[in-house]
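Text of the file data.cif, holding mmCIF, C-alpha atoms:
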```cif
data_final
#
loop_
_atom_site.group_PDB
_atom_site.id
_atom_site.type_symbol
_atom_site.label_atom_id
_atom_site.label_comp_id
_atom_site.auth_asym_id
_atom_site.auth_seq_id
_atom_site.Cartn_x
_atom_site.Cartn_y
_atom_site.Cartn_z
ATOM 1 C CA MET A 31 -22.641 49.839 34.835
ATOM 2 C CA ALA A 32 -25.063 51.998 36.752
ATOM 3 C CA ASN A 33 -24.028 50.869 40.235
ATOM 4 C CA VAL A 34 -20.352 51.683 39.771
ATOM 5 C CA LYS A 35 -19.091 54.899 41.274
ATOM 6 C CA SER A 36 -17.600 57.152 38.648
ATOM 7 C CA ALA A 37 -13.823 57.434 38.746
ATOM 8 C CA ARG A 38 -14.185 61.136 37.964
ATOM 9 C CA LYS A 39 -15.631 61.650 41.455
ATOM 10 C CA PHE A 40 -12.707 60.015 43.250
ATOM 11 C CA ASP A 41 -10.187 62.176 45.064
ATOM 12 C CA LEU A 42 -6.925 61.447 43.235
ATOM 13 C CA LYS A 43 -4.929 64.397 44.562
ATOM 14 C CA ASP A 44 -2.646 62.171 46.673
ATOM 15 C CA SER A 45 -2.088 59.548 43.971
ATOM 16 C CA GLY A 46 0.308 61.556 41.820
ATOM 17 C CA SER A 47 0.245 61.626 38.045
ATOM 18 C CA ASP A 48 1.177 57.983 37.397
ATOM 19 C CA LEU A 49 -1.679 56.043 35.886
ATOM 20 C CA SER A 50 -0.784 52.895 37.835
ATOM 21 C CA GLU A 51 -1.064 54.732 41.159
ATOM 22 C CA GLN A 52 -4.287 56.415 40.127
ATOM 23 C CA ILE A 53 -5.807 53.033 39.300
ATOM 24 C CA LYS A 54 -4.970 51.807 42.799
ATOM 25 C CA VAL A 55 -6.721 54.806 44.343
ATOM 26 C CA ALA A 56 -9.720 54.659 42.003
ATOM 27 C CA THR A 57 -10.302 50.952 42.677
ATOM 28 C CA GLN A 58 -9.661 51.041 46.408
ATOM 29 C CA GLU A 59 -13.322 50.790 47.390
ATOM 30 C CA THR A 60 -13.939 47.834 45.084
ATOM 31 C CA HIS A 61 -10.749 46.213 46.304
ATOM 32 C CA VAL A 62 -11.896 46.469 49.918
ATOM 33 C CA ARG A 63 -15.297 45.002 49.049
ATOM 34 C CA ALA A 64 -13.620 41.987 47.516
ATOM 35 C CA GLU A 65 -10.954 41.540 50.143
ATOM 36 C CA THR A 66 -13.106 41.876 53.272
ATOM 37 C CA THR A 67 -15.166 38.782 52.560
ATOM 38 C CA GLN A 68 -15.068 35.486 54.404
ATOM 39 C CA LEU A 69 -13.848 33.987 51.156
ATOM 40 C CA MET A 70 -10.431 35.598 51.409
ATOM 41 C CA SER A 71 -9.680 34.068 54.803
ATOM 42 C CA SER A 72 -10.958 30.706 53.563
ATOM 43 C CA PHE A 73 -8.638 30.940 50.571
ATOM 44 C CA GLN A 74 -5.645 30.905 52.891
ATOM 45 C CA LYS A 75 -6.690 27.380 53.881
ATOM 46 C CA GLY A 76 -6.237 26.226 50.300
ATOM 47 C CA GLN A 77 -9.785 24.883 49.993
ATOM 48 C CA ILE A 78 -10.169 24.133 46.311
ATOM 49 C CA THR A 79 -11.242 20.927 44.561
ATOM 50 C CA ARG A 80 -10.708 19.716 41.015
ATOM 51 C CA THR A 81 -14.314 20.553 40.217
ATOM 52 C CA GLN A 82 -13.837 24.149 41.309
ATOM 53 C CA TYR A 83 -10.561 24.464 39.463
ATOM 54 C CA LYS A 84 -12.000 23.086 36.214
ATOM 55 C CA VAL A 85 -14.835 25.617 36.232
ATOM 56 C CA LEU A 86 -12.443 28.422 37.077
ATOM 57 C CA LEU A 87 -10.223 27.451 34.125
ATOM 58 C CA CYS A 88 -13.231 27.516 31.783
ATOM 59 C CA SER A 89 -14.126 31.084 32.748
ATOM 60 C CA LEU A 90 -10.525 32.269 32.653
ATOM 61 C CA TYR A 91 -10.128 30.783 29.185
ATOM 62 C CA GLU A 92 -13.137 32.699 27.870
ATOM 63 C CA ILE A 93 -11.921 35.952 29.443
ATOM 64 C CA TYR A 94 -8.312 35.696 28.303
ATOM 65 C CA THR A 95 -9.238 34.596 24.800
ATOM 66 C CA ALA A 96 -11.251 37.796 24.392
ATOM 67 C CA LEU A 97 -8.621 39.995 26.054
ATOM 68 C CA GLU A 98 -5.700 38.654 24.050
ATOM 69 C CA GLU A 99 -7.507 38.661 20.725
ATOM 70 C CA GLU A 100 -8.308 42.332 21.264
ATOM 71 C CA MET A 101 -4.776 43.107 22.438
ATOM 72 C CA ASP A 102 -3.402 41.425 19.307
ATOM 73 C CA ARG A 103 -5.818 43.277 17.057
ATOM 74 C CA ASN A 104 -4.900 46.624 18.640
ATOM 75 C CA SER A 105 -1.187 45.960 19.169
ATOM 76 C CA SER A 106 -0.185 49.055 17.206
ATOM 77 C CA HIS A 107 -2.618 51.369 19.007
ATOM 78 C CA PRO A 108 -0.659 54.089 20.886
ATOM 79 C CA ALA A 109 -2.262 53.144 24.199
ATOM 80 C CA VAL A 110 -1.813 49.407 23.760
ATOM 81 C CA ALA A 111 1.609 49.134 22.108
ATOM 82 C CA PRO A 112 3.644 50.155 25.218
ATOM 83 C CA ILE A 113 2.109 47.324 27.306
ATOM 84 C CA TYR A 114 1.879 44.694 24.588
ATOM 85 C CA PHE A 115 3.955 41.739 25.804
ATOM 86 C CA PRO A 116 2.419 38.624 24.201
ATOM 87 C CA GLN A 117 5.456 36.372 24.614
ATOM 88 C CA GLU A 118 5.824 37.230 28.263
ATOM 89 C CA LEU A 119 2.190 37.474 29.380
ATOM 90 C CA ASP A 120 -0.301 35.682 27.114
ATOM 91 C CA ARG A 121 -2.314 33.097 29.043
ATOM 92 C CA THR A 122 -4.557 31.526 26.383
ATOM 93 C CA GLU A 123 -2.186 28.745 25.315
ATOM 94 C CA ALA A 124 -1.338 27.951 28.933
ATOM 95 C CA LEU A 125 -5.038 27.667 29.758
ATOM 96 C CA GLU A 126 -5.548 25.371 26.782
ATOM 97 C CA ARG A 127 -2.869 23.023 28.138
ATOM 98 C CA ASP A 128 -4.442 23.070 31.581
ATOM 99 C CA LEU A 129 -7.917 22.383 30.207
ATOM 100 C CA GLU A 130 -6.629 19.471 28.160
ATOM 101 C CA PHE A 131 -4.903 18.059 31.236
ATOM 102 C CA PHE A 132 -8.069 18.149 33.347
ATOM 103 C CA LEU A 133 -10.787 17.604 30.714
ATOM 104 C CA GLY A 134 -9.016 15.513 28.086
ATOM 105 C CA PRO A 135 -8.461 15.912 24.315
ATOM 106 C CA GLN A 136 -12.107 16.881 23.725
ATOM 107 C CA TRP A 137 -11.971 19.695 26.267
ATOM 108 C CA ARG A 138 -13.431 22.270 23.896
ATOM 109 C CA SER A 139 -16.769 20.454 23.877
ATOM 110 C CA LYS A 140 -16.843 20.434 27.679
ATOM 111 C CA ILE A 141 -16.278 24.147 28.247
ATOM 112 C CA ILE A 142 -18.986 25.721 30.400
ATOM 113 C CA PHE A 143 -19.157 29.152 32.002
ATOM 114 C CA PRO A 144 -21.823 31.438 33.512
ATOM 115 C CA ALA A 145 -23.516 34.461 31.963
ATOM 116 C CA ALA A 146 -21.280 36.906 33.846
ATOM 117 C CA THR A 147 -18.211 35.428 32.152
ATOM 118 C CA HIS A 148 -19.856 35.956 28.782
ATOM 119 C CA ARG A 149 -20.656 39.567 29.684
ATOM 120 C CA TYR A 150 -17.059 40.153 30.739
ATOM 121 C CA ALA A 151 -15.744 38.776 27.441
ATOM 122 C CA GLN A 152 -18.307 40.818 25.503
ATOM 123 C CA ARG A 153 -17.146 43.983 27.239
ATOM 124 C CA LEU A 154 -13.536 43.274 26.289
ATOM 125 C CA ARG A 155 -14.493 42.805 22.647
ATOM 126 C CA GLU A 156 -16.647 45.914 22.718
ATOM 127 C CA ILE A 157 -13.919 48.217 23.972
ATOM 128 C CA GLY A 158 -11.385 46.557 21.689
ATOM 129 C CA LYS A 159 -13.454 47.727 18.745
ATOM 130 C CA GLU A 160 -14.618 51.098 20.047
ATOM 131 C CA LYS A 161 -12.128 52.346 22.681
ATOM 132 C CA PRO A 162 -8.917 50.286 22.649
ATOM 133 C CA GLU A 163 -7.292 52.525 25.254
ATOM 134 C CA LEU A 164 -9.630 51.005 27.847
ATOM 135 C CA LEU A 165 -7.924 47.641 27.343
ATOM 136 C CA VAL A 166 -5.126 49.120 29.464
ATOM 137 C CA ALA A 167 -7.289 48.844 32.584
ATOM 138 C CA HIS A 168 -8.108 45.176 32.042
ATOM 139 C CA ALA A 169 -4.620 44.141 30.959
ATOM 140 C CA TYR A 170 -3.061 45.835 33.971
ATOM 141 C CA THR A 171 -5.437 44.429 36.582
ATOM 142 C CA ARG A 172 -5.348 40.922 35.114
ATOM 143 C CA TYR A 173 -1.730 40.356 34.158
ATOM 144 C CA LEU A 174 -0.114 42.015 37.147
ATOM 145 C CA GLY A 175 -2.595 40.157 39.328
ATOM 146 C CA ASP A 176 -1.456 36.908 37.724
ATOM 147 C CA LEU A 177 2.153 37.766 38.460
ATOM 148 C CA SER A 178 1.331 38.624 42.084
ATOM 149 C CA GLY A 179 -1.615 37.070 43.899
ATOM 150 C CA GLY A 180 -2.041 34.380 41.276
ATOM 151 C CA GLN A 181 1.353 32.942 42.126
ATOM 152 C CA VAL A 182 0.196 32.223 45.672
ATOM 153 C CA LEU A 183 -2.955 30.565 44.365
ATOM 154 C CA GLY A 184 -0.885 28.360 42.060
ATOM 155 C CA LYS A 185 1.104 26.899 44.950
ATOM 156 C CA LEU A 186 -2.001 26.388 47.059
ATOM 157 C CA ALA A 187 -3.839 24.799 44.132
ATOM 158 C CA GLN A 188 -1.030 22.318 43.538
ATOM 159 C CA LYS A 189 -1.130 21.224 47.169
ATOM 160 C CA ALA A 190 -4.930 21.168 47.437
ATOM 161 C CA LEU A 191 -5.363 19.232 44.192
ATOM 162 C CA GLY A 192 -2.669 16.746 45.124
ATOM 163 C CA LEU A 193 -0.670 17.342 41.958
ATOM 164 C CA GLU A 194 2.792 15.797 42.031
ATOM 165 C CA SER A 195 4.017 18.041 39.228
ATOM 166 C CA THR A 196 3.042 21.374 37.722
ATOM 167 C CA ASP A 197 1.004 19.683 34.981
ATOM 168 C CA GLY A 198 -2.378 21.413 34.949
ATOM 169 C CA LEU A 199 -0.931 24.598 36.450
ATOM 170 C CA ALA A 200 0.534 26.208 33.325
ATOM 171 C CA PHE A 201 -1.657 29.266 33.863
ATOM 172 C CA PHE A 202 0.525 30.307 36.791
ATOM 173 C CA SER A 203 3.827 29.844 34.952
ATOM 174 C CA PHE A 204 5.517 32.712 33.092
ATOM 175 C CA PRO A 205 8.605 31.218 31.419
ATOM 176 C CA GLY A 206 9.209 34.461 29.522
ATOM 177 C CA VAL A 207 9.504 36.475 32.745
ATOM 178 C CA SER A 208 12.764 35.899 34.609
ATOM 179 C CA SER A 209 11.920 38.276 37.476
ATOM 180 C CA ALA A 210 8.302 39.073 38.276
ATOM 181 C CA ASN A 211 9.220 42.145 40.323
ATOM 182 C CA ARG A 212 11.445 43.655 37.647
ATOM 183 C CA PHE A 213 8.893 42.936 34.960
ATOM 184 C CA LYS A 214 6.102 44.573 36.950
ATOM 185 C CA GLN A 215 8.271 47.648 37.353
ATOM 186 C CA LEU A 216 8.848 47.719 33.588
ATOM 187 C CA TYR A 217 5.137 47.234 32.932
ATOM 188 C CA ARG A 218 4.108 50.060 35.247
ATOM 189 C CA SER A 219 6.725 52.338 33.695
ATOM 190 C CA ARG A 220 5.470 51.572 30.196
ATOM 191 C CA MET A 221 1.868 52.096 31.234
ATOM 192 C CA ASN A 222 2.646 55.383 32.950
ATOM 193 C CA SER A 223 4.227 56.620 29.724
ATOM 194 C CA ILE A 224 1.002 56.250 27.750
ATOM 195 C CA GLU A 225 -0.304 59.627 26.625
ATOM 196 C CA LEU A 226 -3.993 60.081 27.397
ATOM 197 C CA THR A 227 -6.305 63.051 27.388
ATOM 198 C CA GLU A 228 -7.935 63.950 30.684
ATOM 199 C CA GLU A 229 -11.175 62.345 29.515
ATOM 200 C CA GLN A 230 -9.431 59.166 28.373
ATOM 201 C CA ARG A 231 -7.587 58.868 31.681
ATOM 202 C CA SER A 232 -10.838 59.210 33.596
ATOM 203 C CA ASP A 233 -12.386 56.558 31.366
ATOM 204 C CA VAL A 234 -9.489 54.171 32.016
ATOM 205 C CA LEU A 235 -9.859 54.633 35.770
ATOM 206 C CA GLN A 236 -13.587 53.986 35.488
ATOM 207 C CA GLU A 237 -12.900 50.876 33.417
ATOM 208 C CA ALA A 238 -10.506 49.583 36.070
ATOM 209 C CA VAL A 239 -13.315 49.824 38.608
ATOM 210 C CA GLU A 240 -15.567 47.932 36.219
ATOM 211 C CA ALA A 241 -12.887 45.265 35.731
ATOM 212 C CA PHE A 242 -13.049 44.484 39.444
ATOM 213 C CA ASN A 243 -16.833 44.466 39.371
ATOM 214 C CA PHE A 244 -16.835 42.077 36.428
ATOM 215 C CA ASN A 245 -14.649 39.720 38.456
ATOM 216 C CA ILE A 246 -17.020 39.892 41.415
ATOM 217 C CA GLN A 247 -20.006 39.235 39.142
ATOM 218 C CA VAL A 248 -18.269 36.217 37.637
ATOM 219 C CA PHE A 249 -17.573 34.903 41.117
ATOM 220 C CA ASP A 250 -21.246 35.341 42.084
ATOM 221 C CA ASP A 251 -22.443 33.528 38.968
ATOM 222 C CA LEU A 252 -19.947 30.707 39.411
ATOM 223 C CA GLN A 253 -21.168 30.216 42.962
ATOM 224 C CA LYS A 254 -24.768 29.971 41.771
ATOM 225 C CA MET A 255 -23.833 27.670 38.898
ATOM 226 C CA LEU A 256 -21.926 25.315 41.162
ATOM 227 C CA SER A 257 -24.840 25.149 43.576
ATOM 228 C CA VAL A 258 -27.162 24.141 40.737
ATOM 229 C CA THR A 259 -24.754 21.594 39.237
ATOM 230 C CA LEU A 260 -24.182 20.090 42.670
ATOM 231 C CA GLU A 261 -27.908 19.367 42.925
ATOM 232 C CA SER A 262 -27.890 17.914 39.399
ATOM 233 C CA ALA A 263 -24.866 15.752 40.153
ATOM 234 C CA GLU A 264 -26.705 14.177 43.074
ATOM 235 C CA LYS A 265 -29.453 12.924 40.743
ATOM 236 C CA PRO A 266 -29.173 9.357 39.334
ATOM 237 C CA LYS A 267 -28.421 10.475 35.789
ATOM 238 C CA GLU A 268 -25.954 13.079 34.606
ATOM 239 C CA SER A 269 -25.670 14.821 31.294
ATOM 240 C CA SER A 270 -22.319 14.878 29.508
ATOM 241 C CA ARG A 271 -21.727 18.419 30.738
ATOM 242 C CA SER A 272 -22.827 17.888 34.323
ATOM 243 C CA ALA A 273 -20.287 15.061 34.496
ATOM 244 C CA LEU A 274 -17.719 17.818 34.636
ATOM 245 C CA PHE A 275 -18.956 18.554 38.167
ATOM 246 C CA PRO A 276 -18.865 15.418 40.364
ATOM 247 C CA SER A 277 -20.553 15.461 43.766
ATOM 248 C CA ALA A 278 -18.543 17.323 46.428
ATOM 249 C CA SER A 279 -18.986 19.344 49.586
ATOM 250 C CA SER A 280 -21.093 22.415 48.779
ATOM 251 C CA VAL A 281 -19.038 24.509 51.185
ATOM 252 C CA GLN A 282 -15.780 23.626 49.458
ATOM 253 C CA LEU A 283 -17.373 24.099 46.047
ATOM 254 C CA THR A 284 -18.514 27.639 46.683
ATOM 255 C CA VAL A 285 -15.649 28.826 48.854
ATOM 256 C CA GLY A 286 -12.555 27.517 47.127
ATOM 257 C CA LEU A 287 -13.475 28.498 43.586
ATOM 258 C CA CYS A 288 -14.825 31.922 44.423
ATOM 259 C CA VAL A 289 -11.826 32.839 46.525
ATOM 260 C CA GLY A 290 -9.541 31.804 43.718
ATOM 261 C CA LEU A 291 -11.297 34.106 41.296
ATOM 262 C CA VAL A 292 -11.423 37.052 43.693
ATOM 263 C CA THR A 293 -7.715 36.592 44.420
ATOM 264 C CA MET A 294 -7.008 36.806 40.688
ATOM 265 C CA GLY A 295 -8.990 40.015 40.530
ATOM 266 C CA ILE A 296 -7.256 41.765 43.395
ATOM 267 C CA GLY A 297 -3.769 40.379 42.814
ATOM 268 C CA LEU A 298 -2.367 43.699 41.674
ATOM 269 C CA TYR A 299 -2.410 44.908 45.269
ATOM 270 C CA SER A 300 0.117 42.273 46.271
ATOM 271 C CA PHE A 301 3.076 44.056 44.666
#
```
Translate this structure into structure tokens?
Amino acid sequence: MANVKSARKFDLKDSGSDLSEQIKVATQETHVRAETTQLMSSFQKGQITRTQYKVLLCSLYEIYTALEEEMDRNSSHPAVAPIYFPQELDRTEALERDLEFFLGPQWRSKIIFPAATHRYAQRLREIGKEKPELLVAHAYTRYLGDLSGGQVLGKLAQKALGLESTDGLAFFSFPGVSSANRFKQLYRSRMNSIELTEEQRSDVLQEAVEAFNFNIQVFDDLQKMLSVTLESAEKPKESSRSALFPSASSVQLTVGLCVGLVTMGIGLYSF
């Protein structure tokens, strides 16, 4: 991505030799861009509707399907094997349960996501085939974000959506992880043990920056898509797909969903 600052130009002298710490330093600028938006303060109010949550689940399903298929395919790769924890971390099946809860048995035919989500998934499949070591950047930023900031979003979503139980919130549940803090420590230790050449390490740091930018692009596209579907929903007739997005406040539509996605993206800074 041409507009992304190269990780090789970042000053990492104070970050030590641990890859996890270097990723934090390399992505600091992108993290600040995401965090210092009005959306983050709005998120604290728990403003999210079922429409927003459904669309968010659709995009997350596309992203995690690609990520986990590539992690599975490269599970024996020396850079992937140390952080391969499918039983503890995989989100695809949880997202399938959530989508069925909200969209019904025929949920697969109702999936809809913006172009940025497709580009994100394409990138994951591309690096899975050509440079599997770069999967480390995406797995780290996503999974540890889920275990950190995503947990807060799960509680707020349950309250905002008026859910009496955790049905529909399986994405936020990690039954295979007894202690999130201890697991994150194990994960960082495993990741820091991965042997990379200097060039590979620089590429991983660059990819971590791109991971954040992909999240921001998805959030932008979702905002635009929701604005369009809101206008369509206000028309007398709705298509089978637009029925997924009932009429709602445009402010809540754009704010709640986008904050949720940005929070997922920057969750790793919560631990």
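Note that the spacing between CA of Thr79 (chain A) and CA of Gln253 (chain A) amounts to 13.7 Å.
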Evaluate the PyMOL selection byres ((chain A and resi 189-197) around 12) and report residues as a PyMOL selection string: chain A and resi 73-84+124-132+182-188+198-203+282+286-287
Contacts of Ala241 (chain A) within 9 Å, all atoms listed in the file, excl. fewer than 2 positions in-chain, as a PyMOL selection string: chain A and resi 150+167-168+171-172+236-239+243-246+295
9 Å contact set for Val110 (chain A), all atoms listed in the file, chain neighbours under 2 positions out, as JSON, numbers by chain: {"A": [101, 104, 105, 106, 107, 108, 112, 113, 114, 162, 163, 164, 165, 166, 221, 224]}
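Atom to atom, CA of Thr122 (chain A) and CA of Tyr91 (chain A) stand 6.3 Å apart.
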Applying the PyMOL selection byres ((chain A and resi 53-58) around 6) to the file I just gave you, which residues come out? Please list them as a short mmCIF file (atom, residue, chain, number, x, y, z; two decimals) with C-alpha atoms, in the coordinates of the input.
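New file result.cif:
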```cif
data_model
loop_
_atom_site.label_atom_id
_atom_site.label_comp_id
_atom_site.auth_asym_id
_atom_site.auth_seq_id
_atom_site.Cartn_x
_atom_site.Cartn_y
_atom_site.Cartn_z
CA ALA A 37 -13.82 57.43 38.75
CA SER A 50 -0.78 52.90 37.84
CA GLU A 51 -1.06 54.73 41.16
CA GLN A 52 -4.29 56.42 40.13
CA GLU A 59 -13.32 50.79 47.39
CA THR A 60 -13.94 47.83 45.08
CA HIS A 61 -10.75 46.21 46.30
CA LEU A 235 -9.86 54.63 35.77
CA VAL A 239 -13.32 49.82 38.61
#
```
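Distances to Asp233 (chain A) were evaluated for A:Leu49, A:Trp137, A:Val85, A:Ala146 using all atoms listed in the file, and the minimum falls at A:Leu49.
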Selection as a VMD selection string: residues within 12 Å of (-10.0, 40.0, 18.7), counting all atoms listed in the file: chain A and resid 93 to 105 151 to 159 162 165
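Closest approach to Tyr217 (chain A) among A:Leu119, A:Leu133, A:Val248, A:Val234: A:Leu119, based on all atoms listed in the file.
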Å distance separating CA of Ser208 (chain A) from CA of Ser47 (chain A), one decimal place: 28.8 Å
For Glu118 (chain A): contacts at 9 Å, all atoms listed in the file, fewer than 5 positions along chain excluded, given as a PyMOL selection string: chain A and resi 204-207
Centre, edges in Å (one decimal): axis-aligned box, region 95-103 of chain A, 6 Å padding on all six sides, as AutoDock Vina command-line options:
```
--center_x -7.3 --center_y 38.9 --center_z 21.6 --size_x 19.8 --size_y 20.7 --size_z 21.0
```
